[in-house]
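The structure under discussion appears below in the form of structure tokens.
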Amino acid sequence: MDKNEDVKNRIIKVTTELIEKYNGNTKSITARMIAEKADIGLGLINYHFGSKETLINECVQRIIGKVVTEFQMTGNYETDKERLTVCATYVFDFLFNHSAICRISILDDLQNYTENCNSVLTQQGFSLSLENNTSNKNKSIIVFILTAAMQVAFLGSKTVKQILGYDFMETEDRAAYIKKIVDILFEGKGQIDE
């Protein structure tokens, strides 16, 4: 690894540690703080990333991406519906348990929606839950709608509480919301191919 890559990786590592230390409160993290902890000159952050915000977005994407790709289903589920409900509930709980980091990730994905963004990686993870009798076309639509419904509910949780009555600060309400969305998606599954 060359010197530039080593410096860049050190900046990412330090910034990720600070994001986790401050529980996603990136306003508490300064470029000077990152530079001091990484033992580099302040200008190297801009040289490698353009800005502190770009650096933080990259680190947040890596944190979320790691969680998404490392999620393992524990337990045996007989149906795709059960499996998807468990997986989606886990992800939805993660959003609210790490709200500052997840908000950054989702907003960045909405501005830079690519095949490698965390939203698409989440959809791909959800697709793995769908093993039985679900066509690839249906899988893609089901997981796209589910991910979008989760993101909108997360970003607008106060309004969703007023409109739909779900209090997402309550674990039971989060689980009930996911179950309802998955139920609706599976009710309409047969119509998607038409």
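We name chains A, B, ... following the order of the structure tokens; residues begin at 1 in each chain, and ligands are numbered from 1 as shown.
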Compile the contact shell of region 163-169 of chain A as number ranges by chain: residues with an atom at most 10 Å away, counting only C-alpha atoms, same-chain residues fewer than 3 positions apart removed. A: 92-93, 96-97, 153-154, 157-160, 172-177
Determine which residues of region 31-82 of chain A receive a DSSP assignment of helix (DSSP H, G or I), computed from the backbone, and state them as JSON, numbers by chain. {"A": [31, 32, 33, 34, 35, 36, 37, 38, 43, 44, 45, 46, 47, 48, 49, 52, 53, 54, 55, 56, 57, 58, 59, 60, 61, 62, 63, 64, 65, 66, 67, 68, 69, 70, 80, 81, 82]}
Find the distance between CA of Phe144 (chain A) and CA of Ala88 (chain A) and write it in Å to one decimal. 12.0 Å
Quick check, in Å to one decimal: how far apart do CA of Thr26 (chain A) and CA of Ile56 (chain A) lie?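 Spanning CA of Thr26 (chain A) to CA of Ile56 (chain A) is a straight-line distance of 7.7 Å.
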Selected residue, from A:Ile11, A:Val60, A:Ala35, A:Ala100, that lies nearest to Asn23 (chain A) when counting only C-alpha atoms: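 Between A:Ile11, A:Val60, A:Ala35, A:Ala100, the residue approaching Asn23 (chain A) most closely is A:Ala100.
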Name the closest residue to Gln111 (chain A) among the candidates A:Ile40, A:Thr171, A:Arg10, A:Asn57; distances are taken between atoms, counting only C-alpha atoms.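 The closest residue to Gln111 (chain A) is A:Asn57.
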I'd like the neighbourhood of Asn133 (chain A) as a list in words, where a residue qualifies if any of its atoms comes within 10 Å (using only C-alpha atoms), though same-chain residues fewer than 5 positions away should be ignored.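 The residues satisfying every condition are Thr79, Asp80, Asn138 and Lys139 of chain A.
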Of the candidates A:Gln151, A:Asp39, A:Leu44, A:Ser129, which shows the shortest atom-to-atom distance to Asn4 (chain A), using only C-alpha atoms?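 For Asn4 (chain A), the nearest of the given residues is A:Leu44.
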Nearest to Thr85 (chain A): which of A:Asp183, A:Val152, A:Asn112, A:His98 is it, counting only C-alpha atoms? A:Asp183
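One finds CA of Cys59 (chain A) at 15.6 Å from CA of Asp6 (chain A).
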